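Novice: Got model.pdb for you, PDB, C-alpha atoms:
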MODEL        1
ATOM      1  CA  MET A 199     -16.163 -10.364  -4.645
ATOM      2  CA  ILE A 200     -17.961 -13.508  -5.776
ATOM      3  CA  LYS A 201     -16.568 -15.154  -8.888
ATOM      4  CA  GLY A 202     -19.085 -16.963 -11.014
ATOM      5  CA  LYS A 203     -18.126 -20.508 -10.244
ATOM      6  CA  ALA A 204     -15.293 -20.165  -7.701
ATOM      7  CA  LEU A 205     -15.672 -22.495  -4.721
ATOM      8  CA  ALA A 206     -14.528 -19.830  -2.251
ATOM      9  CA  ARG A 207     -15.453 -16.171  -2.201
ATOM     10  CA  ARG A 208     -12.653 -14.885  -0.005
ATOM     11  CA  LEU A 209      -9.475 -15.762   1.859
ATOM     12  CA  ASP A 210     -10.897 -15.856   5.371
ATOM     13  CA  HIS A 211      -7.540 -15.929   7.144
ATOM     14  CA  VAL A 212      -3.947 -17.116   7.111
ATOM     15  CA  GLY A 213      -3.171 -19.249  10.182
ATOM     16  CA  ILE A 214       0.169 -18.675  11.947
ATOM     17  CA  VAL A 215       1.254 -20.889  14.848
ATOM     18  CA  VAL A 216       3.033 -18.959  17.609
ATOM     19  CA  ARG A 217       4.502 -19.947  20.949
ATOM     20  CA  ASP A 218       3.039 -17.041  22.913
ATOM     21  CA  ILE A 219       0.431 -14.642  21.529
ATOM     22  CA  ASN A 220       1.320 -11.995  24.105
ATOM     23  CA  ALA A 221       4.906 -12.028  22.895
ATOM     24  CA  SER A 222       3.894 -11.990  19.219
ATOM     25  CA  LEU A 223       1.192  -9.334  19.136
ATOM     26  CA  PRO A 224       3.365  -6.247  19.718
ATOM     27  CA  TYR A 225       5.125  -6.670  16.362
ATOM     28  CA  TYR A 226       1.843  -6.793  14.461
ATOM     29  CA  ILE A 227       0.201  -4.019  16.491
ATOM     30  CA  ASP A 228       3.068  -1.620  17.133
ATOM     31  CA  VAL A 229       5.283  -2.120  14.074
ATOM     32  CA  LEU A 230       2.850  -3.156  11.329
ATOM     33  CA  ARG A 231       0.050  -1.202  13.084
ATOM     34  CA  MET A 232      -2.554  -3.887  12.477
ATOM     35  CA  THR A 233      -5.790  -4.056  14.498
ATOM     36  CA  VAL A 234      -6.897  -7.055  16.593
ATOM     37  CA  SER A 235     -10.480  -7.792  15.551
ATOM     38  CA  SER A 236     -11.085 -10.621  18.044
ATOM     39  CA  GLU A 237      -9.409 -12.870  20.580
ATOM     40  CA  LEU A 238     -10.850 -16.185  21.742
ATOM     41  CA  LEU A 239     -10.198 -19.712  22.964
ATOM     42  CA  LEU A 240     -11.128 -22.577  20.644
ATOM     43  CA  ASP A 241     -14.125 -24.491  22.012
ATOM     44  CA  ASP A 242     -12.024 -27.562  22.780
ATOM     45  CA  GLY A 243      -9.544 -25.429  24.706
ATOM     46  CA  SER A 244      -6.708 -26.504  22.414
ATOM     47  CA  ALA A 245      -5.556 -23.031  21.401
ATOM     48  CA  ARG A 246      -5.739 -19.337  22.088
ATOM     49  CA  VAL A 247      -6.478 -17.327  18.952
ATOM     50  CA  ALA A 248      -6.111 -13.683  17.892
ATOM     51  CA  TYR A 249      -7.279 -12.266  14.545
ATOM     52  CA  LEU A 250      -5.476  -9.290  12.988
ATOM     53  CA  GLU A 251      -7.249  -7.402  10.207
ATOM     54  CA  ILE A 252      -5.594  -6.861   6.814
ATOM     55  CA  GLY A 253      -7.733  -5.741   3.855
ATOM     56  CA  ASP A 254     -10.690  -8.121   3.494
ATOM     57  CA  THR A 255      -8.868 -10.966   5.261
ATOM     58  CA  SER A 256      -7.076 -11.632   8.569
ATOM     59  CA  LEU A 257      -3.956 -13.111  10.037
ATOM     60  CA  GLN A 258      -4.905 -15.683  12.693
ATOM     61  CA  LEU A 259      -2.325 -16.193  15.441
ATOM     62  CA  LEU A 260      -2.714 -19.618  17.059
ATOM     63  CA  GLN A 261      -1.069 -20.440  20.385
ATOM     64  CA  PRO A 262      -1.386 -24.152  21.264
ATOM     65  CA  LEU A 263      -2.505 -24.687  24.856
ATOM     66  CA  LYS A 264      -2.427 -28.474  25.078
ATOM     67  CA  PRO A 265      -1.082 -31.511  23.190
ATOM     68  CA  GLY A 266      -2.504 -31.978  19.709
ATOM     69  CA  PRO A 267      -1.848 -31.142  16.061
ATOM     70  CA  LEU A 268      -0.990 -27.479  16.694
ATOM     71  CA  ALA A 269       1.425 -28.312  19.517
ATOM     72  CA  ASP A 270       2.942 -31.005  17.295
ATOM     73  CA  PHE A 271       3.441 -28.461  14.521
ATOM     74  CA  LEU A 272       5.160 -26.080  16.939
ATOM     75  CA  ASP A 273       7.445 -28.866  18.180
ATOM     76  CA  GLN A 274       8.352 -30.038  14.688
ATOM     77  CA  HIS A 275       8.502 -26.791  12.698
ATOM     78  CA  GLY A 276       8.695 -24.006  15.252
ATOM     79  CA  GLU A 277       6.593 -20.902  14.822
ATOM     80  CA  GLY A 278       5.384 -20.120  11.320
ATOM     81  CA  LEU A 279       2.750 -20.194   8.603
ATOM     82  CA  HIS A 280       0.353 -23.091   9.240
ATOM     83  CA  HIS A 281      -2.717 -23.016   6.969
ATOM     84  CA  ILE A 282      -4.981 -20.901   4.809
ATOM     85  CA  CYS A 283      -8.740 -20.706   5.281
ATOM     86  CA  LEU A 284     -11.126 -20.138   2.389
ATOM     87  CA  GLN A 285     -14.589 -18.728   3.044
ATOM     88  CA  VAL A 286     -17.370 -20.618   1.281
ATOM     89  CA  ASP A 287     -21.061 -19.757   1.134
ATOM     90  CA  ASP A 288     -22.316 -23.241   1.990
ATOM     91  CA  ILE A 289     -19.845 -25.537   3.692
ATOM     92  CA  SER A 290     -22.093 -28.597   3.432
ATOM     93  CA  ASN A 291     -22.157 -28.240  -0.348
ATOM     94  CA  ALA A 292     -18.408 -27.526  -0.520
ATOM     95  CA  VAL A 293     -17.518 -30.534   1.628
ATOM     96  CA  ALA A 294     -19.804 -32.812  -0.378
ATOM     97  CA  GLU A 295     -18.190 -31.623  -3.587
ATOM     98  CA  LEU A 296     -14.583 -31.832  -2.381
ATOM     99  CA  SER A 297     -15.139 -35.296  -0.939
ATOM    100  CA  GLU A 298     -15.235 -36.503  -4.533
ATOM    101  CA  SER A 299     -11.608 -35.457  -5.121
ATOM    102  CA  GLY A 300      -9.978 -35.845  -1.726
ATOM    103  CA  THR A 301     -10.344 -36.373   1.984
ATOM    104  CA  VAL A 302     -12.280 -33.727   3.871
ATOM    105  CA  ASP A 303     -12.766 -33.699   7.642
ATOM    106  CA  ALA A 304     -16.167 -33.634   9.271
ATOM    107  CA  ILE A 305     -17.651 -30.162   9.718
ATOM    108  CA  ARG A 306     -17.073 -28.772  13.193
ATOM    109  CA  GLN A 307     -17.278 -25.527  15.117
ATOM    110  CA  GLY A 308     -14.352 -23.182  14.447
ATOM    111  CA  GLY A 309     -13.303 -19.863  15.920
ATOM    112  CA  ARG A 310     -15.915 -17.061  15.991
ATOM    113  CA  GLY A 311     -18.807 -19.559  15.703
ATOM    114  CA  ASP A 312     -18.018 -20.402  12.085
ATOM    115  CA  ARG A 313     -18.608 -23.894  10.664
ATOM    116  CA  VAL A 314     -15.272 -25.227   9.409
ATOM    117  CA  SER A 315     -13.654 -28.293   7.841
ATOM    118  CA  PHE A 316     -10.071 -29.134   6.871
ATOM    119  CA  ILE A 317      -9.114 -30.665   3.546
ATOM    120  CA  SER A 318      -6.827 -33.472   4.667
ATOM    121  CA  ALA A 319      -5.327 -34.326   1.285
ATOM    122  CA  THR A 320      -3.410 -31.069   1.127
ATOM    123  CA  PRO A 321      -2.076 -30.032  -2.252
ATOM    124  CA  ASN A 322       1.507 -28.707  -2.142
ATOM    125  CA  GLY A 323       1.735 -29.292   1.589
ATOM    126  CA  VAL A 324      -0.698 -26.425   2.232
ATOM    127  CA  PRO A 325      -3.407 -27.303   4.762
ATOM    128  CA  ILE A 326      -6.635 -25.707   3.535
ATOM    129  CA  GLU A 327      -9.501 -24.967   5.895
ATOM    130  CA  LEU A 328     -12.989 -24.185   4.596
ATOM    131  CA  SER A 329     -15.186 -21.865   6.627
ATOM    132  CA  GLU A 330     -18.822 -20.800   6.453
ATOM    133  CA  ARG A 331     -19.263 -17.635   8.497
ATOM    134  CA  ALA A 332     -21.741 -17.652  11.339
ATOM    135  CA  PRO A 333     -24.712 -15.310  10.775
ATOM    136  CA  ALA A 334     -23.790 -11.847  12.111
TER
ATOM    137  CA  MET B  29      -9.740  -0.629   2.573
ATOM    138  CA  ILE B  30      -7.256   1.785   4.107
ATOM    139  CA  LYS B  31      -7.092   1.810   7.902
ATOM    140  CA  GLY B  32      -6.172   5.127   9.442
ATOM    141  CA  LYS B  33      -2.648   4.331  10.465
ATOM    142  CA  ALA B  34      -2.097   0.733   9.301
ATOM    143  CA  LEU B  35       1.222   0.231   7.524
ATOM    144  CA  ALA B  36      -0.326  -2.046   4.890
ATOM    145  CA  ARG B  37      -3.621  -1.638   3.111
ATOM    146  CA  ARG B  38      -4.079  -5.177   1.876
ATOM    147  CA  LEU B  39      -2.674  -8.704   1.885
ATOM    148  CA  ASP B  40      -1.163  -8.707  -1.598
ATOM    149  CA  HIS B  41      -0.545 -12.448  -1.745
ATOM    150  CA  VAL B  42       0.362 -15.612   0.126
ATOM    151  CA  GLY B  43       3.472 -17.245  -1.345
ATOM    152  CA  ILE B  44       3.486 -21.033  -1.756
ATOM    153  CA  VAL B  45       6.609 -22.875  -2.931
ATOM    154  CA  VAL B  46       5.824 -25.756  -5.277
ATOM    155  CA  ARG B  47       7.970 -28.253  -7.146
ATOM    156  CA  ASP B  48       6.139 -27.984 -10.446
ATOM    157  CA  ILE B  49       3.509 -25.337 -11.204
ATOM    158  CA  ASN B  50       2.050 -27.419 -14.030
ATOM    159  CA  ALA B  51       1.433 -30.252 -11.584
ATOM    160  CA  SER B  52       0.015 -27.943  -8.912
ATOM    161  CA  LEU B  53      -2.343 -25.744 -10.894
ATOM    162  CA  PRO B  54      -5.038 -28.316 -11.691
ATOM    163  CA  TYR B  55      -6.051 -28.617  -8.033
ATOM    164  CA  TYR B  56      -6.525 -24.868  -7.677
ATOM    165  CA  ILE B  57      -8.204 -24.441 -11.066
ATOM    166  CA  ASP B  58     -10.296 -27.593 -11.387
ATOM    167  CA  VAL B  59     -11.131 -28.418  -7.766
ATOM    168  CA  LEU B  60     -11.147 -25.025  -6.016
ATOM    169  CA  ARG B  61     -12.127 -23.336  -9.322
ATOM    170  CA  MET B  62      -9.776 -20.409  -8.825
ATOM    171  CA  THR B  63      -8.681 -18.179 -11.723
ATOM    172  CA  VAL B  64      -5.061 -17.620 -12.784
ATOM    173  CA  SER B  65      -4.619 -13.834 -13.031
ATOM    174  CA  SER B  66      -1.027 -13.895 -14.296
ATOM    175  CA  GLU B  67       1.954 -16.136 -14.916
ATOM    176  CA  LEU B  68       5.523 -14.865 -15.218
ATOM    177  CA  LEU B  69       9.209 -15.514 -14.667
ATOM    178  CA  LEU B  70      11.002 -13.459 -12.009
ATOM    179  CA  ASP B  71      13.423 -11.003 -13.614
ATOM    180  CA  ASP B  72      16.451 -12.881 -12.283
ATOM    181  CA  GLY B  73      15.112 -16.129 -13.725
ATOM    182  CA  SER B  74      15.084 -17.750 -10.277
ATOM    183  CA  ALA B  75      11.447 -18.824 -10.287
ATOM    184  CA  ARG B  76       8.335 -19.340 -12.317
ATOM    185  CA  VAL B  77       5.286 -17.713 -10.737
ATOM    186  CA  ALA B  78       1.508 -18.066 -11.068
ATOM    187  CA  TYR B  79      -1.055 -15.892  -9.251
ATOM    188  CA  LEU B  80      -4.472 -17.304  -8.348
ATOM    189  CA  GLU B  81      -7.221 -14.849  -7.418
ATOM    190  CA  ILE B  82      -9.110 -15.163  -4.127
ATOM    191  CA  GLY B  83     -11.195 -12.205  -2.895
ATOM    192  CA  ASP B  84      -9.026  -9.073  -2.852
ATOM    193  CA  THR B  85      -5.806 -11.087  -2.552
ATOM    194  CA  SER B  86      -3.979 -13.900  -4.381
ATOM    195  CA  LEU B  87      -2.182 -17.150  -3.846
ATOM    196  CA  GLN B  88       1.262 -16.987  -5.475
ATOM    197  CA  LEU B  89       2.682 -20.334  -6.587
ATOM    198  CA  LEU B  90       6.484 -20.193  -6.815
ATOM    199  CA  GLN B  91       8.476 -22.852  -8.662
ATOM    200  CA  PRO B  92      12.241 -22.472  -8.122
ATOM    201  CA  LEU B  93      14.182 -22.738 -11.385
ATOM    202  CA  LYS B  94      17.740 -22.466 -10.113
ATOM    203  CA  PRO B  95      19.752 -22.638  -6.867
ATOM    204  CA  GLY B  96      18.874 -19.961  -4.313
ATOM    205  CA  PRO B  97      16.659 -19.297  -1.298
ATOM    206  CA  LEU B  98      13.491 -20.744  -2.873
ATOM    207  CA  ALA B  99      15.256 -23.918  -3.994
ATOM    208  CA  ASP B 100      16.796 -24.187  -0.513
ATOM    209  CA  PHE B 101      13.325 -23.877   1.053
ATOM    210  CA  LEU B 102      12.021 -26.650  -1.199
ATOM    211  CA  ASP B 103      14.957 -28.897  -0.306
ATOM    212  CA  GLN B 104      14.634 -28.298   3.425
ATOM    213  CA  HIS B 105      10.868 -28.063   3.937
ATOM    214  CA  GLY B 106       9.295 -29.510   0.817
ATOM    215  CA  GLU B 107       6.358 -27.773  -0.827
ATOM    216  CA  GLY B 108       4.327 -25.436   1.349
ATOM    217  CA  LEU B 109       3.475 -21.982   2.638
ATOM    218  CA  HIS B 110       6.504 -19.696   2.267
ATOM    219  CA  HIS B 111       5.681 -16.017   2.946
ATOM    220  CA  ILE B 112       2.989 -13.358   3.089
ATOM    221  CA  CYS B 113       3.176 -10.108   1.145
ATOM    222  CA  LEU B 114       1.624  -6.889   2.431
ATOM    223  CA  GLN B 115       0.744  -4.118  -0.003
ATOM    224  CA  VAL B 116       1.927  -0.680   1.104
ATOM    225  CA  ASP B 117       1.249   2.665  -0.545
ATOM    226  CA  ASP B 118       4.841   3.899  -0.434
ATOM    227  CA  ILE B 119       7.512   1.246  -0.035
ATOM    228  CA  SER B 120      10.318   3.762   0.451
ATOM    229  CA  ASN B 121       8.515   5.181   3.484
ATOM    230  CA  ALA B 122       7.626   1.729   4.815
ATOM    231  CA  VAL B 123      11.183   0.457   4.481
ATOM    232  CA  ALA B 124      12.593   3.568   6.141
ATOM    233  CA  GLU B 125      10.170   3.150   9.016
ATOM    234  CA  LEU B 126      10.674  -0.599   9.490
ATOM    235  CA  SER B 127      14.451  -0.241   9.361
ATOM    236  CA  GLU B 128      14.169   1.333  12.804
ATOM    237  CA  SER B 129      12.796  -1.892  14.315
ATOM    238  CA  GLY B 130      14.423  -4.623  12.261
ATOM    239  CA  THR B 131      16.368  -5.624   9.186
ATOM    240  CA  VAL B 132      14.756  -4.849   5.865
ATOM    241  CA  ASP B 133      16.211  -5.817   2.498
ATOM    242  CA  ALA B 134      16.947  -3.317  -0.239
ATOM    243  CA  ILE B 135      13.992  -2.524  -2.494
ATOM    244  CA  ARG B 136      14.049  -4.514  -5.720
ATOM    245  CA  GLN B 137      11.831  -5.411  -8.641
ATOM    246  CA  GLY B 138       9.274  -8.115  -7.794
ATOM    247  CA  GLY B 139       6.743  -9.997  -9.882
ATOM    248  CA  ARG B 140       4.318  -7.947 -12.006
ATOM    249  CA  GLY B 141       6.646  -4.917 -11.962
ATOM    250  CA  ASP B 142       5.968  -4.164  -8.292
ATOM    251  CA  ARG B 143       8.654  -2.708  -6.022
ATOM    252  CA  VAL B 144       9.238  -5.150  -3.169
ATOM    253  CA  SER B 145      11.356  -5.697  -0.063
ATOM    254  CA  PHE B 146      11.585  -8.551   2.467
ATOM    255  CA  ILE B 147      11.650  -7.994   6.215
ATOM    256  CA  SER B 148      14.582 -10.181   7.217
ATOM    257  CA  ALA B 149      13.981 -10.199  10.962
ATOM    258  CA  THR B 150      10.841 -12.292  10.633
ATOM    259  CA  PRO B 151       8.516 -12.361  13.610
ATOM    260  CA  ASN B 152       7.158 -15.830  14.385
ATOM    261  CA  GLY B 153       9.123 -17.400  11.561
ATOM    262  CA  VAL B 154       6.855 -15.712   9.006
ATOM    263  CA  PRO B 155       8.775 -14.070   6.154
ATOM    264  CA  ILE B 156       6.988 -10.815   5.329
ATOM    265  CA  GLU B 157       7.352  -9.157   1.948
ATOM    266  CA  LEU B 158       6.302  -5.549   1.372
ATOM    267  CA  SER B 159       5.052  -4.556  -2.061
ATOM    268  CA  GLU B 160       4.175  -1.273  -3.738
ATOM    269  CA  ARG B 161       2.096  -2.008  -6.809
ATOM    270  CA  ALA B 162       3.330  -0.791 -10.168
ATOM    271  CA  PRO B 163       1.093   1.876 -11.734
ATOM    272  CA  ALA B 164      -1.587   0.141 -13.815
TER
ENDMDL
END
Go through the file and emit its structure as structure tokens.

Specialist:
Amino acid sequence: MIKGKALARRLDHVGIVVRDINASLPYYIDVLRMTVSSELLLDDGSARVAYLEIGDTSLQLLQPLKPGPLADFLDQHGEGLHHICLQVDDISNAVAELSESGTVDAIRQGGRGDRVSFISATPNGVPIELSERAPA
Amino acid sequence: MIKGKALARRLDHVGIVVRDINASLPYYIDVLRMTVSSELLLDDGSARVAYLEIGDTSLQLLQPLKPGPLADFLDQHGEGLHHICLQVDDISNAVAELSESGTVDAIRQGGRGDRVSFISATPNGVPIELSERAPA
């Protein structure tokens, strides 16, 4: 569903930091009976990722594999909700626009080949990632 | 989209605890250009709520109005991501089924007249609410 002027067309995923994906997946698969749509390693090797389908969005389980922001989050907060990711049609345009009202990271390669960027000035303590999907 | 055997058909909303909805809304409305689909008070008067549309789901801003679990969350964690809510077709069935593998709260009245229940034994520190939508 594309809203006339909305910046994002869809909630791409909700990011959840976990200690061990293998230990976490059975609850989502066996109890909630969700389907894993993909599993991958981030390009920089910093995390193992699994996507679980729910409606037109996904839950993204993130297991940190080496020191960095995700491992820091796990140390400080324990497992839990980490960020939301909004799908935009053109991330270059979205980043240019949002740069006027806050701090937006450089565009980089995300999971599944998408182009992504994090909004650093997070409203309400909610880290927001923007994602432009890779061509199918 | 209904998956063959999935417990939930859709991510109903992502709950975000905020200190002051009036202070939070402008970012979502003016910067992300999201639309408020409804605003309400919870029946027990414990929180003010605003729903922001995104694809087939919503962000739910929750402003605690009196002492309780939401106010405790705000005190302990500050503003931020609080829970996810999964829409089920029949909450009585879902609660009966999940009671076999964990602790599920009694069904009560949620926002927008929905029937809701929280899974208390939260996997990965993620509170999961179940919701059966009220008839339109």

Novice: Run the PyMOL selection byres ((chain A) within 9 of (chain B)) on the file and write out the hits as a ChimeraX atom specification.

Specialist: /A:199-201,203-209,212,214-217,222,225-227,229-233,252-256,276-282,284,295-296,299,321-325

Novice: Could those selected residues go to a file with C-alpha atoms, as a JSON list (two decimals), keeping the file's coordinate frame?

Specialist:
[["chain", "number", "residue", "atom", "x", "y", "z"],
["A", 199, "MET", "CA", -16.16, -10.36, -4.64],
["A", 200, "ILE", "CA", -17.96, -13.51, -5.78],
["A", 201, "LYS", "CA", -16.57, -15.15, -8.89],
["A", 203, "LYS", "CA", -18.13, -20.51, -10.24],
["A", 204, "ALA", "CA", -15.29, -20.16, -7.70],
["A", 205, "LEU", "CA", -15.67, -22.50, -4.72],
["A", 206, "ALA", "CA", -14.53, -19.83, -2.25],
["A", 207, "ARG", "CA", -15.45, -16.17, -2.20],
["A", 208, "ARG", "CA", -12.65, -14.88, 0.00],
["A", 209, "LEU", "CA", -9.48, -15.76, 1.86],
["A", 212, "VAL", "CA", -3.95, -17.12, 7.11],
["A", 214, "ILE", "CA", 0.17, -18.68, 11.95],
["A", 215, "VAL", "CA", 1.25, -20.89, 14.85],
["A", 216, "VAL", "CA", 3.03, -18.96, 17.61],
["A", 217, "ARG", "CA", 4.50, -19.95, 20.95],
["A", 222, "SER", "CA", 3.89, -11.99, 19.22],
["A", 225, "TYR", "CA", 5.12, -6.67, 16.36],
["A", 226, "TYR", "CA", 1.84, -6.79, 14.46],
["A", 227, "ILE", "CA", 0.20, -4.02, 16.49],
["A", 229, "VAL", "CA", 5.28, -2.12, 14.07],
["A", 230, "LEU", "CA", 2.85, -3.16, 11.33],
["A", 231, "ARG", "CA", 0.05, -1.20, 13.08],
["A", 232, "MET", "CA", -2.55, -3.89, 12.48],
["A", 233, "THR", "CA", -5.79, -4.06, 14.50],
["A", 252, "ILE", "CA", -5.59, -6.86, 6.81],
["A", 253, "GLY", "CA", -7.73, -5.74, 3.86],
["A", 254, "ASP", "CA", -10.69, -8.12, 3.49],
["A", 255, "THR", "CA", -8.87, -10.97, 5.26],
["A", 256, "SER", "CA", -7.08, -11.63, 8.57],
["A", 276, "GLY", "CA", 8.70, -24.01, 15.25],
["A", 277, "GLU", "CA", 6.59, -20.90, 14.82],
["A", 278, "GLY", "CA", 5.38, -20.12, 11.32],
["A", 279, "LEU", "CA", 2.75, -20.19, 8.60],
["A", 280, "HIS", "CA", 0.35, -23.09, 9.24],
["A", 281, "HIS", "CA", -2.72, -23.02, 6.97],
["A", 282, "ILE", "CA", -4.98, -20.90, 4.81],
["A", 284, "LEU", "CA", -11.13, -20.14, 2.39],
["A", 295, "GLU", "CA", -18.19, -31.62, -3.59],
["A", 296, "LEU", "CA", -14.58, -31.83, -2.38],
["A", 299, "SER", "CA", -11.61, -35.46, -5.12],
["A", 321, "PRO", "CA", -2.08, -30.03, -2.25],
["A", 322, "ASN", "CA", 1.51, -28.71, -2.14],
["A", 323, "GLY", "CA", 1.74, -29.29, 1.59],
["A", 324, "VAL", "CA", -0.70, -26.42, 2.23],
["A", 325, "PRO", "CA", -3.41, -27.30, 4.76]]

Novice: Using all atoms listed in the file, can you tell me which of B:Leu70, B:Leu90, B:Leu158, B:Val116 comes closest to Ala134 (chain B)?

Specialist: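 Result for the nearest residue to Ala134 (chain B): B:Leu158.
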
Novice: Take the point (15.2, -9.9, 1.1) in the file's coordinates, draw a sphere of radius 7 Å around it, and report as a PyMOL selection string every protein, DNA or RNA residue with an atom inside or on it, counting all atoms listed in the file.

Specialist: chain B and resi 132-134+145-148

Novice: Interatomic distance between CA of Pro265 (chain A) and CA of Asp312 (chain A)?

Specialist: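 Separating CA of Pro265 (chain A) from CA of Asp312 (chain A) is a distance of 23.1 Å.
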
Novice: When distances are computed from only C-alpha atoms, which of B:Ser74, B:Arg161, B:Val123, B:Val144 shows the smallest separation from Ala99 (chain B)?

Specialist: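 Answer, going by the shortest atom-to-atom distance: B:Ser74.
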
Novice: What residues come out when you apply the PyMOL selection byres ((chain A and resi 309) around 9) to this file, written as JSON, numbers by chain?

Specialist: {"A": [238, 239, 240, 241, 247, 307, 308, 310, 311, 312, 313, 314]}

Novice: Can I get the selected residues back with C-alpha atoms, as an mmCIF file, in the coordinates of the input?

Specialist:
data_model
loop_
_atom_site.group_PDB
_atom_site.id
_atom_site.type_symbol
_atom_site.label_atom_id
_atom_site.label_comp_id
_atom_site.auth_asym_id
_atom_site.auth_seq_id
_atom_site.Cartn_x
_atom_site.Cartn_y
_atom_site.Cartn_z
ATOM 1 C CA LEU A 238 -10.850 -16.185 21.742
ATOM 2 C CA LEU A 239 -10.198 -19.712 22.964
ATOM 3 C CA LEU A 240 -11.128 -22.577 20.644
ATOM 4 C CA ASP A 241 -14.125 -24.491 22.012
ATOM 5 C CA VAL A 247 -6.478 -17.327 18.952
ATOM 6 C CA GLN A 307 -17.278 -25.527 15.117
ATOM 7 C CA GLY A 308 -14.352 -23.182 14.447
ATOM 8 C CA ARG A 310 -15.915 -17.061 15.991
ATOM 9 C CA GLY A 311 -18.807 -19.559 15.703
ATOM 10 C CA ASP A 312 -18.018 -20.402 12.085
ATOM 11 C CA ARG A 313 -18.608 -23.894 10.664
ATOM 12 C CA VAL A 314 -15.272 -25.227 9.409
#

Novice: Where atoms are absent from region 238-251 of chain A, fill them in so it carries N, CA, C and O atoms, then output it as an mmCIF file, in the frame of the given file.

Specialist:
data_model
loop_
_atom_site.group_PDB
_atom_site.id
_atom_site.type_symbol
_atom_site.label_atom_id
_atom_site.label_comp_id
_atom_site.auth_asym_id
_atom_site.auth_seq_id
_atom_site.Cartn_x
_atom_site.Cartn_y
_atom_site.Cartn_z
ATOM 1 N N LEU A 238 -9.968 -15.150 21.196
ATOM 2 C CA LEU A 238 -10.850 -16.185 21.742
ATOM 3 C C LEU A 238 -10.062 -17.452 22.054
ATOM 4 O O LEU A 238 -8.893 -17.582 21.672
ATOM 5 N N LEU A 239 -10.713 -18.359 22.771
ATOM 6 C CA LEU A 239 -10.198 -19.712 22.964
ATOM 7 C C LEU A 239 -11.010 -20.637 22.069
ATOM 8 O O LEU A 239 -12.231 -20.477 21.968
ATOM 9 N N LEU A 240 -10.358 -21.578 21.386
ATOM 10 C CA LEU A 240 -11.128 -22.577 20.644
ATOM 11 C C LEU A 240 -11.996 -23.363 21.627
ATOM 12 O O LEU A 240 -11.641 -23.545 22.790
ATOM 13 N N ASP A 241 -13.163 -23.819 21.142
ATOM 14 C CA ASP A 241 -14.125 -24.491 22.012
ATOM 15 C C ASP A 241 -13.538 -25.675 22.761
ATOM 16 O O ASP A 241 -13.913 -25.952 23.904
ATOM 17 N N ASP A 242 -12.605 -26.387 22.125
ATOM 18 C CA ASP A 242 -12.024 -27.562 22.780
ATOM 19 C C ASP A 242 -10.844 -27.183 23.679
ATOM 20 O O ASP A 242 -10.173 -28.061 24.230
ATOM 21 N N GLY A 243 -10.609 -25.879 23.806
ATOM 22 C CA GLY A 243 -9.544 -25.429 24.706
ATOM 23 C C GLY A 243 -8.136 -25.699 24.197
ATOM 24 O O GLY A 243 -7.163 -25.544 24.925
ATOM 25 N N SER A 244 -8.016 -26.091 22.923
ATOM 26 C CA SER A 244 -6.708 -26.504 22.414
ATOM 27 C C SER A 244 -5.812 -25.342 22.029
ATOM 28 O O SER A 244 -4.611 -25.511 21.865
ATOM 29 N N ALA A 245 -6.382 -24.156 21.848
ATOM 30 C CA ALA A 245 -5.556 -23.031 21.401
ATOM 31 C C ALA A 245 -6.199 -21.700 21.755
ATOM 32 O O ALA A 245 -7.427 -21.564 21.804
ATOM 33 N N ARG A 246 -5.338 -20.730 21.962
ATOM 34 C CA ARG A 246 -5.739 -19.337 22.088
ATOM 35 C C ARG A 246 -5.544 -18.703 20.719
ATOM 36 O O ARG A 246 -4.567 -19.017 20.019
ATOM 37 N N VAL A 247 -6.469 -17.849 20.318
ATOM 38 C CA VAL A 247 -6.478 -17.327 18.952
ATOM 39 C C VAL A 247 -6.645 -15.813 18.969
ATOM 40 O O VAL A 247 -7.427 -15.278 19.764
ATOM 41 N N ALA A 248 -5.912 -15.126 18.102
ATOM 42 C CA ALA A 248 -6.111 -13.683 17.892
ATOM 43 C C ALA A 248 -6.159 -13.424 16.391
ATOM 44 O O ALA A 248 -5.346 -13.964 15.632
ATOM 45 N N TYR A 249 -7.134 -12.630 15.958
ATOM 46 C CA TYR A 249 -7.279 -12.266 14.545
ATOM 47 C C TYR A 249 -6.826 -10.821 14.348
ATOM 48 O O TYR A 249 -7.252 -9.920 15.082
ATOM 49 N N LEU A 250 -5.981 -10.618 13.334
ATOM 50 C CA LEU A 250 -5.476 -9.290 12.988
ATOM 51 C C LEU A 250 -5.995 -8.936 11.604
ATOM 52 O O LEU A 250 -5.798 -9.690 10.640
ATOM 53 N N GLU A 251 -6.637 -7.789 11.479
ATOM 54 C CA GLU A 251 -7.249 -7.402 10.207
ATOM 55 C C GLU A 251 -6.222 -6.931 9.183
ATOM 56 O O GLU A 251 -5.311 -6.193 9.513
#
